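Everything below belongs to entry-v6.csv, which stores CSV, C-alpha atoms (C1' of nucleotides).
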chain,number,residue,atom,x,y,z
A,1,MET,CA,65.2,-35.0,-84.1
A,2,LEU,CA,66.3,-33.0,-87.1
A,3,ALA,CA,66.1,-29.2,-86.9
A,4,ILE,CA,63.6,-28.8,-89.7
A,5,ASP,CA,62.7,-25.3,-90.8
A,6,ARG,CA,59.8,-24.0,-88.9
A,7,PRO,CA,57.5,-21.3,-90.2
A,8,THR,CA,58.7,-18.0,-88.9
A,9,ASN,CA,55.5,-16.1,-88.6
A,10,LEU,CA,53.8,-17.9,-85.7
A,11,ARG,CA,55.4,-16.5,-82.6
A,12,LEU,CA,52.5,-16.0,-80.1
A,13,ASP,CA,53.6,-12.5,-79.0
A,14,ASP,CA,53.9,-11.4,-82.6
A,15,GLN,CA,50.3,-12.1,-83.4
A,16,LEU,CA,48.0,-9.1,-83.6
A,17,CYS,CA,45.1,-11.5,-83.2
A,18,PHE,CA,46.4,-12.7,-79.8
A,19,ALA,CA,47.1,-9.1,-78.7
A,20,LEU,CA,43.5,-8.3,-79.5
A,21,TYR,CA,42.2,-11.5,-77.8
A,22,ALA,CA,44.2,-10.8,-74.6
A,23,ALA,CA,43.3,-7.1,-74.5
A,24,THR,CA,39.6,-7.8,-75.0
A,25,ASN,CA,39.7,-10.4,-72.2
A,26,ALA,CA,41.5,-8.0,-70.0
A,27,VAL,CA,39.0,-5.2,-70.5
A,28,VAL,CA,36.0,-7.5,-70.1
A,29,ARG,CA,37.6,-8.8,-66.9
A,30,ALA,CA,37.9,-5.2,-65.7
A,31,TYR,CA,34.3,-4.6,-66.4
A,32,ARG,CA,32.8,-7.8,-65.1
A,33,PRO,CA,32.9,-7.3,-61.3
A,34,LEU,CA,31.6,-3.7,-61.6
A,35,LEU,CA,28.8,-4.7,-64.0
A,36,HIS,CA,27.9,-7.6,-61.8
A,37,GLU,CA,27.1,-5.2,-59.0
A,38,ILE,CA,24.5,-3.5,-61.3
A,39,GLY,CA,23.2,-6.9,-62.6
A,40,LEU,CA,24.6,-6.9,-66.1
A,41,THR,CA,27.0,-9.1,-68.0
A,42,TYR,CA,29.3,-7.4,-70.5
A,43,PRO,CA,27.3,-8.3,-73.7
A,44,GLN,CA,24.2,-7.2,-71.9
A,45,TYR,CA,25.9,-3.9,-71.1
A,46,LEU,CA,26.6,-3.4,-74.8
A,47,VAL,CA,23.0,-4.0,-75.7
A,48,MET,CA,22.0,-1.5,-73.0
A,49,LEU,CA,24.5,1.0,-74.5
A,50,VAL,CA,22.6,0.8,-77.8
A,51,LEU,CA,19.2,1.3,-76.1
A,52,TRP,CA,20.3,4.1,-73.9
A,53,GLN,CA,21.8,6.0,-76.8
A,54,ASP,CA,19.2,5.5,-79.5
A,55,GLY,CA,15.9,4.5,-77.8
A,56,GLU,CA,13.6,1.9,-79.2
A,57,HIS,CA,15.1,-0.6,-81.7
A,58,ALA,CA,14.2,-3.7,-83.6
A,59,VAL,CA,16.3,-6.8,-82.6
A,60,HIS,CA,18.1,-6.9,-85.9
A,61,GLU,CA,19.1,-3.2,-85.5
A,62,ILE,CA,20.7,-3.9,-82.2
A,63,ALA,CA,22.5,-6.8,-83.8
A,64,ASP,CA,23.8,-4.7,-86.7
A,65,ARG,CA,24.9,-2.0,-84.3
A,66,LEU,CA,27.0,-4.6,-82.3
A,67,ALA,CA,28.2,-6.4,-85.4
A,68,LEU,CA,26.7,-9.7,-84.2
A,69,PRO,CA,24.3,-12.2,-85.8
A,70,ALA,CA,20.8,-11.4,-84.5
A,71,HIS,CA,19.9,-14.9,-83.4
A,72,GLY,CA,22.3,-14.9,-80.5
A,73,LEU,CA,20.4,-11.9,-78.9
A,74,SER,CA,17.2,-13.8,-78.2
A,75,PRO,CA,18.3,-15.5,-75.0
A,76,LEU,CA,20.2,-12.4,-73.9
A,77,LEU,CA,17.1,-10.2,-74.4
A,78,ASP,CA,15.1,-12.8,-72.5
A,79,ARG,CA,17.3,-12.2,-69.5
A,80,LEU,CA,17.2,-8.5,-69.7
A,81,GLU,CA,13.4,-8.6,-70.0
A,82,GLU,CA,13.2,-11.0,-67.0
A,83,ALA,CA,15.3,-8.5,-65.1
A,84,GLY,CA,12.7,-5.9,-65.8
A,85,LEU,CA,15.1,-3.6,-67.8
A,86,LEU,CA,13.3,-3.8,-71.2
A,87,ALA,CA,10.1,-4.9,-72.9
A,88,ARG,CA,9.6,-6.5,-76.3
A,89,ARG,CA,6.6,-6.4,-78.6
A,90,ARG,CA,5.6,-7.1,-82.1
A,91,GLN,CA,3.7,-4.4,-83.9
A,92,ALA,CA,2.0,-3.5,-87.1
A,93,PRO,CA,2.7,-2.9,-89.9
A,94,ASP,CA,5.5,-5.5,-90.0
A,95,ARG,CA,4.6,-8.2,-87.4
A,96,ARG,CA,7.9,-10.1,-88.0
A,97,VAL,CA,9.8,-7.3,-86.2
A,98,VAL,CA,10.2,-7.4,-82.4
A,99,HIS,CA,10.7,-3.9,-81.0
A,100,VAL,CA,12.8,-3.5,-77.9
A,101,ARG,CA,12.2,-0.7,-75.5
A,102,LEU,CA,13.7,0.2,-72.1
A,103,THR,CA,11.5,0.2,-69.0
A,104,ALA,CA,11.8,2.9,-66.4
A,105,ALA,CA,14.2,0.7,-64.5
A,106,GLY,CA,16.3,0.2,-67.7
A,107,VAL,CA,16.5,4.0,-68.3
A,108,GLU,CA,17.4,4.5,-64.7
A,109,LEU,CA,20.3,2.1,-64.8
A,110,GLU,CA,22.2,4.3,-67.2
A,111,ARG,CA,23.5,6.5,-64.3
A,112,ALA,CA,25.1,3.5,-62.5
A,113,ALA,CA,26.5,2.2,-65.8
A,114,ALA,CA,28.1,5.6,-66.5
A,115,ALA,CA,30.0,5.3,-63.2
A,116,VAL,CA,31.2,1.9,-64.1
A,117,GLN,CA,32.5,3.1,-67.4
A,118,ARG,CA,34.3,6.0,-65.8
A,119,ASP,CA,35.9,3.6,-63.4
A,120,VAL,CA,37.3,1.3,-66.1
A,121,ALA,CA,38.3,4.2,-68.4
A,122,CYS,CA,40.3,5.4,-65.4
A,123,GLN,CA,42.0,2.0,-64.9
A,124,THR,CA,43.3,2.1,-68.4
A,125,GLN,CA,45.4,5.2,-67.6
A,126,LEU,CA,45.1,6.3,-71.2
A,127,ALA,CA,44.8,10.0,-72.1
A,128,PRO,CA,41.7,10.8,-74.1
A,129,ASP,CA,43.6,11.3,-77.3
A,130,GLU,CA,45.5,8.0,-77.0
A,131,LEU,CA,42.2,6.3,-76.3
A,132,ASP,CA,40.7,7.9,-79.4
A,133,ALA,CA,43.6,7.0,-81.6
A,134,LEU,CA,43.6,3.3,-80.5
A,135,ARG,CA,39.9,3.2,-81.0
A,136,GLU,CA,40.2,4.5,-84.5
A,137,GLU,CA,42.9,2.1,-85.5
A,138,LEU,CA,40.6,-0.8,-84.3
A,139,HIS,CA,37.7,0.7,-86.2
A,140,ASP,CA,39.8,0.7,-89.4
A,141,LEU,CA,40.8,-2.9,-88.8
A,142,VAL,CA,37.2,-3.9,-88.5
A,143,ARG,CA,36.3,-2.1,-91.7
A,144,GLN,CA,39.1,-3.9,-93.5
A,145,LEU,CA,38.2,-7.3,-92.3
A,146,ALA,CA,34.4,-7.0,-92.4
A,147,PRO,CA,33.4,-4.2,-94.8
A,148,GLU,CA,29.9,-5.6,-94.7
A,149,ALA,CA,28.2,-6.0,-91.4
A,150,ALA,CA,28.7,-9.4,-89.7
A,151,THR,CA,25.1,-10.2,-90.5
A,152,GLY,CA,25.3,-8.8,-94.0
A,153,PRO,CA,25.3,-10.7,-97.3
A,154,ILE,CA,28.0,-13.3,-97.4
A,155,SER,CA,30.0,-13.1,-100.6
A,156,GLY,CA,31.5,-16.5,-100.3
A,157,THR,CA,32.7,-18.6,-103.2
A,158,PRO,CA,30.0,-21.2,-104.1
B,159,MET,CA,8.8,13.8,-70.6
B,160,LEU,CA,11.4,16.1,-69.3
B,161,ALA,CA,14.8,16.1,-71.0
B,162,ILE,CA,16.8,14.9,-68.1
B,163,ASP,CA,20.6,15.1,-68.4
B,164,ARG,CA,22.0,11.8,-69.5
B,165,PRO,CA,25.6,10.7,-68.8
B,166,THR,CA,27.8,11.9,-71.7
B,167,ASN,CA,30.3,9.1,-71.7
B,168,LEU,CA,28.3,6.1,-72.9
B,169,ARG,CA,28.1,6.5,-76.7
B,170,LEU,CA,28.7,3.1,-78.1
B,171,ASP,CA,31.1,4.2,-80.8
B,172,ASP,CA,33.2,6.1,-78.3
B,173,GLN,CA,33.9,3.0,-76.2
B,174,LEU,CA,37.3,1.5,-76.5
B,175,CYS,CA,36.0,-1.7,-75.0
B,176,PHE,CA,33.5,-2.0,-77.9
B,177,ALA,CA,36.1,-1.3,-80.5
B,178,LEU,CA,38.2,-4.1,-79.0
B,179,TYR,CA,35.2,-6.4,-78.8
B,180,ALA,CA,34.2,-5.8,-82.4
B,181,ALA,CA,37.8,-6.0,-83.7
B,182,THR,CA,38.4,-9.3,-81.9
B,183,ASN,CA,35.2,-10.7,-83.2
B,184,ALA,CA,36.1,-9.6,-86.7
B,185,VAL,CA,39.6,-11.2,-86.6
B,186,VAL,CA,38.3,-14.4,-85.1
B,187,ARG,CA,35.7,-14.5,-87.9
B,188,ALA,CA,38.4,-14.1,-90.4
B,189,TYR,CA,40.3,-17.0,-89.0
B,190,ARG,CA,37.4,-19.3,-88.3
B,191,PRO,CA,36.7,-20.7,-91.8
B,192,LEU,CA,40.4,-21.2,-92.6
B,193,LEU,CA,41.1,-22.8,-89.3
B,194,HIS,CA,38.1,-25.0,-89.7
B,195,GLU,CA,39.7,-26.5,-92.8
B,196,ILE,CA,42.7,-27.7,-90.7
B,197,GLY,CA,40.5,-28.9,-87.9
B,198,LEU,CA,41.1,-26.2,-85.3
B,199,THR,CA,39.0,-23.6,-83.5
B,200,TYR,CA,40.5,-20.3,-82.7
B,201,PRO,CA,41.3,-20.9,-79.0
B,202,GLN,CA,42.7,-24.3,-80.0
B,203,TYR,CA,44.9,-22.5,-82.5
B,204,LEU,CA,46.3,-20.3,-79.7
B,205,VAL,CA,47.2,-23.3,-77.7
B,206,MET,CA,48.9,-24.9,-80.7
B,207,LEU,CA,50.9,-21.6,-81.2
B,208,VAL,CA,52.2,-22.0,-77.6
B,209,LEU,CA,53.2,-25.6,-78.2
B,210,TRP,CA,54.7,-25.0,-81.6
B,211,GLN,CA,56.8,-22.2,-80.3
B,212,ASP,CA,58.1,-23.6,-77.0
B,213,GLY,CA,57.6,-27.4,-77.0
B,214,GLU,CA,56.4,-29.3,-74.0
B,215,HIS,CA,54.4,-27.4,-71.4
B,216,ALA,CA,52.5,-27.9,-68.2
B,217,VAL,CA,48.8,-27.1,-68.5
B,218,HIS,CA,49.1,-24.1,-66.1
B,219,GLU,CA,52.0,-22.7,-68.2
B,220,ILE,CA,49.9,-22.7,-71.4
B,221,ALA,CA,47.2,-20.9,-69.4
B,222,ASP,CA,49.6,-18.3,-68.1
B,223,ARG,CA,50.9,-17.8,-71.6
B,224,LEU,CA,47.4,-17.1,-72.9
B,225,ALA,CA,46.3,-15.1,-69.9
B,226,LEU,CA,43.5,-17.5,-69.2
B,227,PRO,CA,42.5,-19.4,-66.1
B,228,ALA,CA,43.8,-23.0,-66.4
B,229,HIS,CA,40.6,-24.8,-65.7
B,230,GLY,CA,39.0,-23.8,-69.0
B,231,LEU,CA,41.7,-25.6,-70.9
B,232,SER,CA,40.8,-29.1,-69.8
B,233,PRO,CA,38.0,-29.8,-72.3
B,234,LEU,CA,39.9,-27.9,-75.0
B,235,LEU,CA,42.9,-30.2,-74.5
B,236,ASP,CA,40.6,-33.2,-74.4
B,237,ARG,CA,39.5,-32.3,-78.0
B,238,LEU,CA,43.0,-31.7,-79.2
B,239,GLU,CA,44.1,-35.0,-77.7
B,240,GLU,CA,41.2,-36.8,-79.3
B,241,ALA,CA,42.2,-35.2,-82.6
B,242,GLY,CA,45.6,-36.8,-82.2
B,243,LEU,CA,47.5,-33.5,-82.1
B,244,LEU,CA,48.9,-33.8,-78.6
B,245,ALA,CA,49.4,-36.2,-75.7
B,246,ARG,CA,49.2,-35.6,-71.9
B,247,ARG,CA,50.9,-37.4,-69.1
B,248,ARG,CA,51.6,-36.9,-65.4
B,249,GLN,CA,55.2,-37.4,-64.5
B,250,ALA,CA,57.5,-37.5,-61.5
B,251,PRO,CA,58.7,-35.6,-59.6
B,252,ASP,CA,55.5,-33.6,-59.3
B,253,ARG,CA,52.6,-35.8,-60.1
B,254,ARG,CA,50.1,-33.0,-59.9
B,255,VAL,CA,51.4,-31.5,-63.1
B,256,VAL,CA,50.0,-32.7,-66.5
B,257,HIS,CA,52.6,-32.3,-69.2
B,258,VAL,CA,51.3,-31.6,-72.7
B,259,ARG,CA,53.4,-32.6,-75.8
B,260,LEU,CA,52.6,-32.4,-79.5
B,261,THR,CA,52.4,-35.6,-81.5
B,262,ALA,CA,54.0,-35.9,-84.9
B,263,ALA,CA,50.7,-34.9,-86.4
B,264,GLY,CA,50.6,-31.9,-84.2
B,265,VAL,CA,54.0,-30.8,-85.2
B,266,GLU,CA,53.2,-31.3,-88.9
B,267,LEU,CA,50.1,-29.1,-88.6
B,268,GLU,CA,52.3,-26.0,-88.1
B,269,ARG,CA,53.0,-25.6,-91.8
B,270,ALA,CA,49.2,-25.4,-92.7
B,271,ALA,CA,48.6,-23.0,-89.8
B,272,ALA,CA,51.4,-20.7,-91.0
B,273,ALA,CA,49.6,-20.5,-94.3
B,274,VAL,CA,46.4,-19.6,-92.5
B,275,GLN,CA,48.1,-16.9,-90.5
B,276,ARG,CA,49.7,-15.3,-93.7
B,277,ASP,CA,46.2,-15.3,-95.3
B,278,VAL,CA,44.6,-13.4,-92.5
B,279,ALA,CA,47.6,-11.1,-92.0
B,280,CYS,CA,47.2,-10.2,-95.7
B,281,GLN,CA,43.5,-9.5,-95.3
B,282,THR,CA,44.2,-6.9,-92.7
B,283,GLN,CA,46.0,-4.8,-95.3
B,284,LEU,CA,48.3,-3.5,-92.6
B,285,ALA,CA,51.9,-2.8,-93.1
B,286,PRO,CA,54.2,-4.6,-90.7
B,287,ASP,CA,55.1,-1.5,-88.8
B,288,GLU,CA,51.5,-0.5,-88.4
B,289,LEU,CA,50.8,-4.0,-87.2
B,290,ASP,CA,53.6,-3.9,-84.7
B,291,ALA,CA,52.6,-0.5,-83.4
B,292,LEU,CA,49.0,-1.6,-82.8
B,293,ARG,CA,50.1,-4.8,-81.2
B,294,GLU,CA,52.3,-2.9,-78.8
B,295,GLU,CA,49.6,-0.5,-77.8
B,296,LEU,CA,47.3,-3.4,-77.0
B,297,HIS,CA,50.1,-5.1,-75.0
B,298,ASP,CA,50.5,-1.9,-73.0
B,299,LEU,CA,46.8,-1.8,-72.3
B,300,VAL,CA,46.9,-5.4,-71.0
B,301,ARG,CA,49.8,-4.5,-68.7
B,302,GLN,CA,47.9,-1.6,-67.4
B,303,LEU,CA,44.7,-3.5,-66.7
B,304,ALA,CA,46.2,-6.8,-65.6
B,305,PRO,CA,49.7,-6.2,-64.4
B,306,GLU,CA,49.8,-9.6,-62.6
B,307,ALA,CA,48.5,-11.6,-65.6
B,308,ALA,CA,50.7,-10.1,-68.2
B,309,THR,CA,51.7,-12.5,-70.9
B,310,GLY,CA,55.2,-13.9,-71.1
B,311,PRO,CA,57.4,-14.9,-68.3
B,312,ILE,CA,55.6,-14.5,-65.0
B,313,SER,CA,57.2,-12.3,-62.5
B,314,GLY,CA,55.4,-13.2,-59.3
B,315,THR,CA,55.5,-10.7,-56.5
B,316,PRO,CA,58.0,-11.9,-53.9
C,317,DC,C1',-4.3,-14.1,-106.9
C,318,DA,C1',-1.0,-18.3,-106.0
C,319,DG,C1',3.4,-19.9,-105.2
C,320,DA,C1',8.2,-18.9,-104.4
C,321,DT,C1',11.5,-16.2,-102.1
C,322,DA,C1',13.1,-13.4,-98.5
C,323,DA,C1',13.2,-11.5,-93.9
C,324,DA,C1',12.8,-11.5,-88.7
C,325,DC,C1',13.0,-13.9,-84.9
C,326,DA,C1',13.4,-18.2,-82.2
C,327,DT,C1',15.4,-22.9,-81.0
C,328,DC,C1',18.9,-26.5,-80.6
C,329,DA,C1',23.7,-28.2,-80.3
C,330,DC,C1',28.5,-27.2,-79.6
C,331,DG,C1',32.9,-24.9,-78.0
C,332,DT,C1',34.5,-21.5,-75.0
C,333,DG,C1',35.4,-18.4,-70.6
C,334,DT,C1',34.2,-18.0,-65.9
C,335,DG,C1',32.8,-18.9,-61.0
C,336,DA,C1',32.2,-22.4,-57.5
C,337,DG,C1',33.5,-26.6,-55.8
C,338,DT,C1',36.4,-31.5,-55.8
C,339,DT,C1',40.3,-34.5,-55.8
C,340,DA,C1',45.1,-35.7,-55.7
C,341,DT,C1',49.6,-34.2,-54.6
C,342,DT,C1',53.1,-31.3,-52.6
C,343,DT,C1',54.9,-28.1,-49.3
C,344,DC,C1',54.7,-25.6,-45.2
C,345,DT,C1',54.3,-25.4,-40.1
C,346,DC,C1',54.4,-27.1,-35.8
D,347,DG,C1',56.4,-37.0,-38.7
D,348,DA,C1',51.2,-35.2,-38.5
D,349,DG,C1',48.1,-31.8,-39.8
D,350,DA,C1',47.3,-27.4,-42.4
D,351,DA,C1',47.8,-24.8,-46.4
D,352,DA,C1',48.9,-24.4,-51.1
D,353,DT,C1',49.0,-26.1,-55.8
D,354,DA,C1',47.6,-28.5,-60.3
D,355,DA,C1',44.2,-30.3,-62.6
D,356,DC,C1',39.5,-31.5,-63.2
D,357,DT,C1',34.1,-31.2,-63.1
D,358,DC,C1',29.6,-28.7,-63.1
D,359,DA,C1',26.6,-24.8,-64.1
D,360,DC,C1',25.8,-20.7,-66.7
D,361,DA,C1',26.1,-17.1,-70.4
D,362,DC,C1',27.8,-16.2,-74.9
D,363,DG,C1',28.8,-16.6,-80.1
D,364,DT,C1',28.0,-19.5,-84.0
D,365,DG,C1',26.1,-22.8,-87.4
D,366,DA,C1',22.0,-25.4,-88.6
D,367,DT,C1',17.2,-25.5,-88.7
D,368,DG,C1',12.3,-24.1,-88.0
D,369,DT,C1',8.2,-20.7,-87.8
D,370,DT,C1',5.8,-16.8,-88.9
D,371,DT,C1',5.1,-12.9,-91.8
D,372,DA,C1',6.1,-9.9,-95.7
D,373,DT,C1',7.4,-9.3,-100.5
D,374,DC,C1',8.4,-10.6,-105.0
D,375,DT,C1',7.2,-13.1,-109.4
D,376,DG,C1',4.5,-15.2,-112.7
Mind converting the file's structure to structure tokens?
Amino acid sequence: MLAIDRPTNLRLDDQLCFALYAATNAVVRAYRPLLHEIGLTYPQYLVMLVLWQDGEHAVHEIADRLALPAHGLSPLLDRLEEAGLLARRRQAPDRRVVHVRLTAAGVELERAAAAVQRDVACQTQLAPDELDALREELHDLVRQLAPEAATGPISGTP
Amino acid sequence: MLAIDRPTNLRLDDQLCFALYAATNAVVRAYRPLLHEIGLTYPQYLVMLVLWQDGEHAVHEIADRLALPAHGLSPLLDRLEEAGLLARRRQAPDRRVVHVRLTAAGVELERAAAAVQRDVACQTQLAPDELDALREELHDLVRQLAPEAATGPISGTP
DNA sequence: CAGATAAACATCACGTGTGAGTTATTTCTC
DNA sequence: GAGAAATAACTCACACGTGATGTTTATCTG
């Protein structure tokens, strides 16, 4: 085999995308067993965060908040509803919109979730200011790559 | 309703885990359409990165490198093999191990992938040193959360 | 007002990441 | 050397995240 010149920018450990991928996997793996004990998956936990913080929401508002396309939330909300944590209903004046509201059990779960969050935050061994700095860098990255929301208007070339 | 005290640590935008989740999603969404043109998904691209860099590998070595459980790679490797990018074979002296090797087409694809990587890196609008710094912070986080599963050479506990 | 367009949500198919369980092979222990 | 334990890979079931498509409702346009 000849030693042809290979591209020089593809070393796995040099890829920011892989560092992100591995870090996200690691964090979710840290959360998973703790969330499992309170009956949530990680994406379900994120939806609950939105609802604990801001109260009732339309489905598409939750999706915007999480930078996800809305249509993936339907089965997830099905499971949370079946678990008795939230209720959905359509309502005038716009009957297209499904409003999502926590049940009493859903509200109550916040205390247990807060304990889970503290546990994982502790595992990271990061000082609050380091944590804030990293979070802000990631936020800037998202703004750079997706200035419009994930579900927003696509400005693709025709 | 009484204003009961709510946990104070659960604001969505304060969560590092959500910043990671959103950033990873954004980066993968940046890669997806470009990778689609060269016939790869994002996880398939990561596997190809490992093979382009280091040549032949056992399946469990690829999994270690990507910090993933090995058993999820089987169907992924099926697809890459079916696409003609790699070949697998068991081999003495240890016939449990499946060795994965790129085909000529798999090797050739590296040039197109390098162009994709440069495109996305450019979209981030990050200077190389900012990029390196962020990558290192994420790497530290992974080491903190999953010291056993750190990427790179595995230093198993004696 | 009628028809077209858009929005909100749901459904289906596919690839992935994970847990549980299987099979084949190797290595350890007696 | 025989049986037990460990290892490597695979399979199945489930929950996402995404693209394509459908249904219902609201809004825009003529």
Selection near His71 of chain A, 9 Å with all atoms listed in the file, sequence-local residues under 5 positions removed, as a ChimeraX atom specification = /A:59-60,63 /C:325-326
Got a sec: who's within 9 Å of Leu16 of chain A, counting all atoms listed in the file, leaving out chain neighbours fewer than 2 positions off, as a list in words?
-> Leu12, Asp13, Asp14, Phe18, Ala19, Leu20 and Tyr21 of chain A; Ala279, Leu289, Asp290, Leu292, Arg293, Glu294 and Leu296 of chain B
For C-alpha atoms, I'd like the residues from the last selection saved as a CSV table (one decimal), in the coordinates of the input.
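And here is the file that came out, again_22.csv:
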chain,number,residue,atom,x,y,z
A,12,LEU,CA,52.5,-16.0,-80.1
A,13,ASP,CA,53.6,-12.5,-79.0
A,14,ASP,CA,53.9,-11.4,-82.6
A,18,PHE,CA,46.4,-12.7,-79.8
A,19,ALA,CA,47.1,-9.1,-78.7
A,20,LEU,CA,43.5,-8.3,-79.5
A,21,TYR,CA,42.2,-11.5,-77.8
B,279,ALA,CA,47.6,-11.1,-92.0
B,289,LEU,CA,50.8,-4.0,-87.2
B,290,ASP,CA,53.6,-3.9,-84.7
B,292,LEU,CA,49.0,-1.6,-82.8
B,293,ARG,CA,50.1,-4.8,-81.2
B,294,GLU,CA,52.3,-2.9,-78.8
B,296,LEU,CA,47.3,-3.4,-77.0
Residual C-alpha RMSD for chain A onto chain B, least squares, all atoms in order?
->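 In short, the RMSD is 3.3 Å.
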Could you write out as JSON, numbers by chain the residues of chain D within 8 Å of chain A, counting only C-alpha atoms (C1' of nucleotides)?
-> {"D": [362, 363, 370, 371, 372]}
Local residues around (50.0, -33.5, -77.0), at most 7 Å away, using all atoms listed in the file, as number ranges by chain = B: 239, 243-246, 258-261
Dump C-alpha atoms for the selected residues as a CSV table (one decimal), in the coordinates of the input?
chain,number,residue,atom,x,y,z
B,239,GLU,CA,44.1,-35.0,-77.7
B,243,LEU,CA,47.5,-33.5,-82.1
B,244,LEU,CA,48.9,-33.8,-78.6
B,245,ALA,CA,49.4,-36.2,-75.7
B,246,ARG,CA,49.2,-35.6,-71.9
B,258,VAL,CA,51.3,-31.6,-72.7
B,259,ARG,CA,53.4,-32.6,-75.8
B,260,LEU,CA,52.6,-32.4,-79.5
B,261,THR,CA,52.4,-35.6,-81.5
10 Å contacts from chain C to chain A using only C-alpha atoms (C1' of nucleotides), as a ChimeraX atom specification = /C:323-327,333-334
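Shell of Arg6 of chain A at 10 Å, with only C-alpha atoms (C1' of nucleotides) counted and residues fewer than 2 places along the chain excluded, is Ala3, Ile4, Thr8, Asn9 and Leu10 of chain A; Trp210, Gln211, Val265, Glu266, Glu268, Arg269 and Ala272 of chain B.
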With distances taken over only C-alpha atoms (C1' of nucleotides), the candidate from C:DA320, C:DC344, C:DA336, C:DA329 nearest DA352 of chain D is C:DC344
Could you please determine the separation between atom CA of Ala105 of chain A and atom CA of Gly84 of chain A in Å, to one decimal place?
-> 6.9 Å
If you measure from atom CA of Leu303 of chain B to atom CA of Ala127 of chain A, what distance in Å do you get, rounded to one decimal?
-> 14.5 Å
Compare A:Leu34, A:Leu49, A:Ala92, A:Asp129 by their minimum atom-to-atom distance to chain B, counting only C-alpha atoms, and give me the closest one.
->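 The answer is A:Leu49, which sits nearest to chain B.
Rounded to one decimal, atom CA of Ile196 of chain B and atom CA of Gln281 of chain B lie 18.8 Å from each other.
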B:His297, B:Arg247, B:Arg237, B:His215: which is nearest chain A, counting all atoms listed in the file?
->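 The closest residue to chain A is B:His297.
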Return segment 112-126 of chain A, completed with N, CA and C atoms, as a PDB file, in the frame of the given file.
ATOM      1  N   ALA A 112      24.150   4.442 -63.189  1.00  0.00           N
ATOM      2  CA  ALA A 112      25.100   3.500 -62.500  1.00  0.00           C
ATOM      3  C   ALA A 112      26.114   2.993 -63.556  1.00  0.00           C
ATOM      4  N   ALA A 113      25.625   2.742 -64.773  1.00  0.00           N
ATOM      5  CA  ALA A 113      26.500   2.200 -65.800  1.00  0.00           C
ATOM      6  C   ALA A 113      27.585   3.267 -66.173  1.00  0.00           C
ATOM      7  N   ALA A 114      27.187   4.527 -66.168  1.00  0.00           N
ATOM      8  CA  ALA A 114      28.100   5.600 -66.500  1.00  0.00           C
ATOM      9  C   ALA A 114      29.271   5.628 -65.468  1.00  0.00           C
ATOM     10  N   ALA A 115      28.935   5.368 -64.208  1.00  0.00           N
ATOM     11  CA  ALA A 115      30.000   5.300 -63.200  1.00  0.00           C
ATOM     12  C   ALA A 115      30.918   4.168 -63.402  1.00  0.00           C
ATOM     13  N   VAL A 116      30.363   3.027 -63.801  1.00  0.00           N
ATOM     14  CA  VAL A 116      31.200   1.900 -64.100  1.00  0.00           C
ATOM     15  C   VAL A 116      32.160   2.184 -65.240  1.00  0.00           C
ATOM     16  N   GLN A 117      31.624   2.795 -66.289  1.00  0.00           N
ATOM     17  CA  GLN A 117      32.500   3.100 -67.400  1.00  0.00           C
ATOM     18  C   GLN A 117      33.597   4.057 -67.061  1.00  0.00           C
ATOM     19  N   ARG A 118      33.293   5.056 -66.245  1.00  0.00           N
ATOM     20  CA  ARG A 118      34.300   6.000 -65.800  1.00  0.00           C
ATOM     21  C   ARG A 118      35.425   5.279 -65.043  1.00  0.00           C
ATOM     22  N   ASP A 119      34.995   4.346 -64.201  1.00  0.00           N
ATOM     23  CA  ASP A 119      35.900   3.600 -63.400  1.00  0.00           C
ATOM     24  C   ASP A 119      36.931   2.832 -64.262  1.00  0.00           C
ATOM     25  N   VAL A 120      36.397   2.095 -65.243  1.00  0.00           N
ATOM     26  CA  VAL A 120      37.300   1.300 -66.100  1.00  0.00           C
ATOM     27  C   VAL A 120      38.144   2.184 -66.989  1.00  0.00           C
ATOM     28  N   ALA A 121      37.552   3.245 -67.517  1.00  0.00           N
ATOM     29  CA  ALA A 121      38.300   4.200 -68.400  1.00  0.00           C
ATOM     30  C   ALA A 121      39.518   4.697 -67.564  1.00  0.00           C
ATOM     31  N   CYS A 122      39.273   4.948 -66.292  1.00  0.00           N
ATOM     32  CA  CYS A 122      40.300   5.400 -65.400  1.00  0.00           C
ATOM     33  C   CYS A 122      41.418   4.379 -65.231  1.00  0.00           C
ATOM     34  N   GLN A 123      41.009   3.128 -65.083  1.00  0.00           N
ATOM     35  CA  GLN A 123      42.000   2.000 -64.900  1.00  0.00           C
ATOM     36  C   GLN A 123      42.924   1.912 -66.087  1.00  0.00           C
ATOM     37  N   THR A 124      42.460   2.251 -67.277  1.00  0.00           N
ATOM     38  CA  THR A 124      43.300   2.100 -68.400  1.00  0.00           C
ATOM     39  C   THR A 124      44.485   3.090 -68.417  1.00  0.00           C
ATOM     40  N   GLN A 125      44.350   4.173 -67.672  1.00  0.00           N
ATOM     41  CA  GLN A 125      45.400   5.200 -67.600  1.00  0.00           C
ATOM     42  C   GLN A 125      45.797   5.747 -68.914  1.00  0.00           C
ATOM     43  N   LEU A 126      44.852   5.763 -69.837  1.00  0.00           N
ATOM     44  CA  LEU A 126      45.100   6.300 -71.200  1.00  0.00           C
ATOM     45  C   LEU A 126      44.571   7.739 -71.229  1.00  0.00           C
TER      46      LEU A 126
END
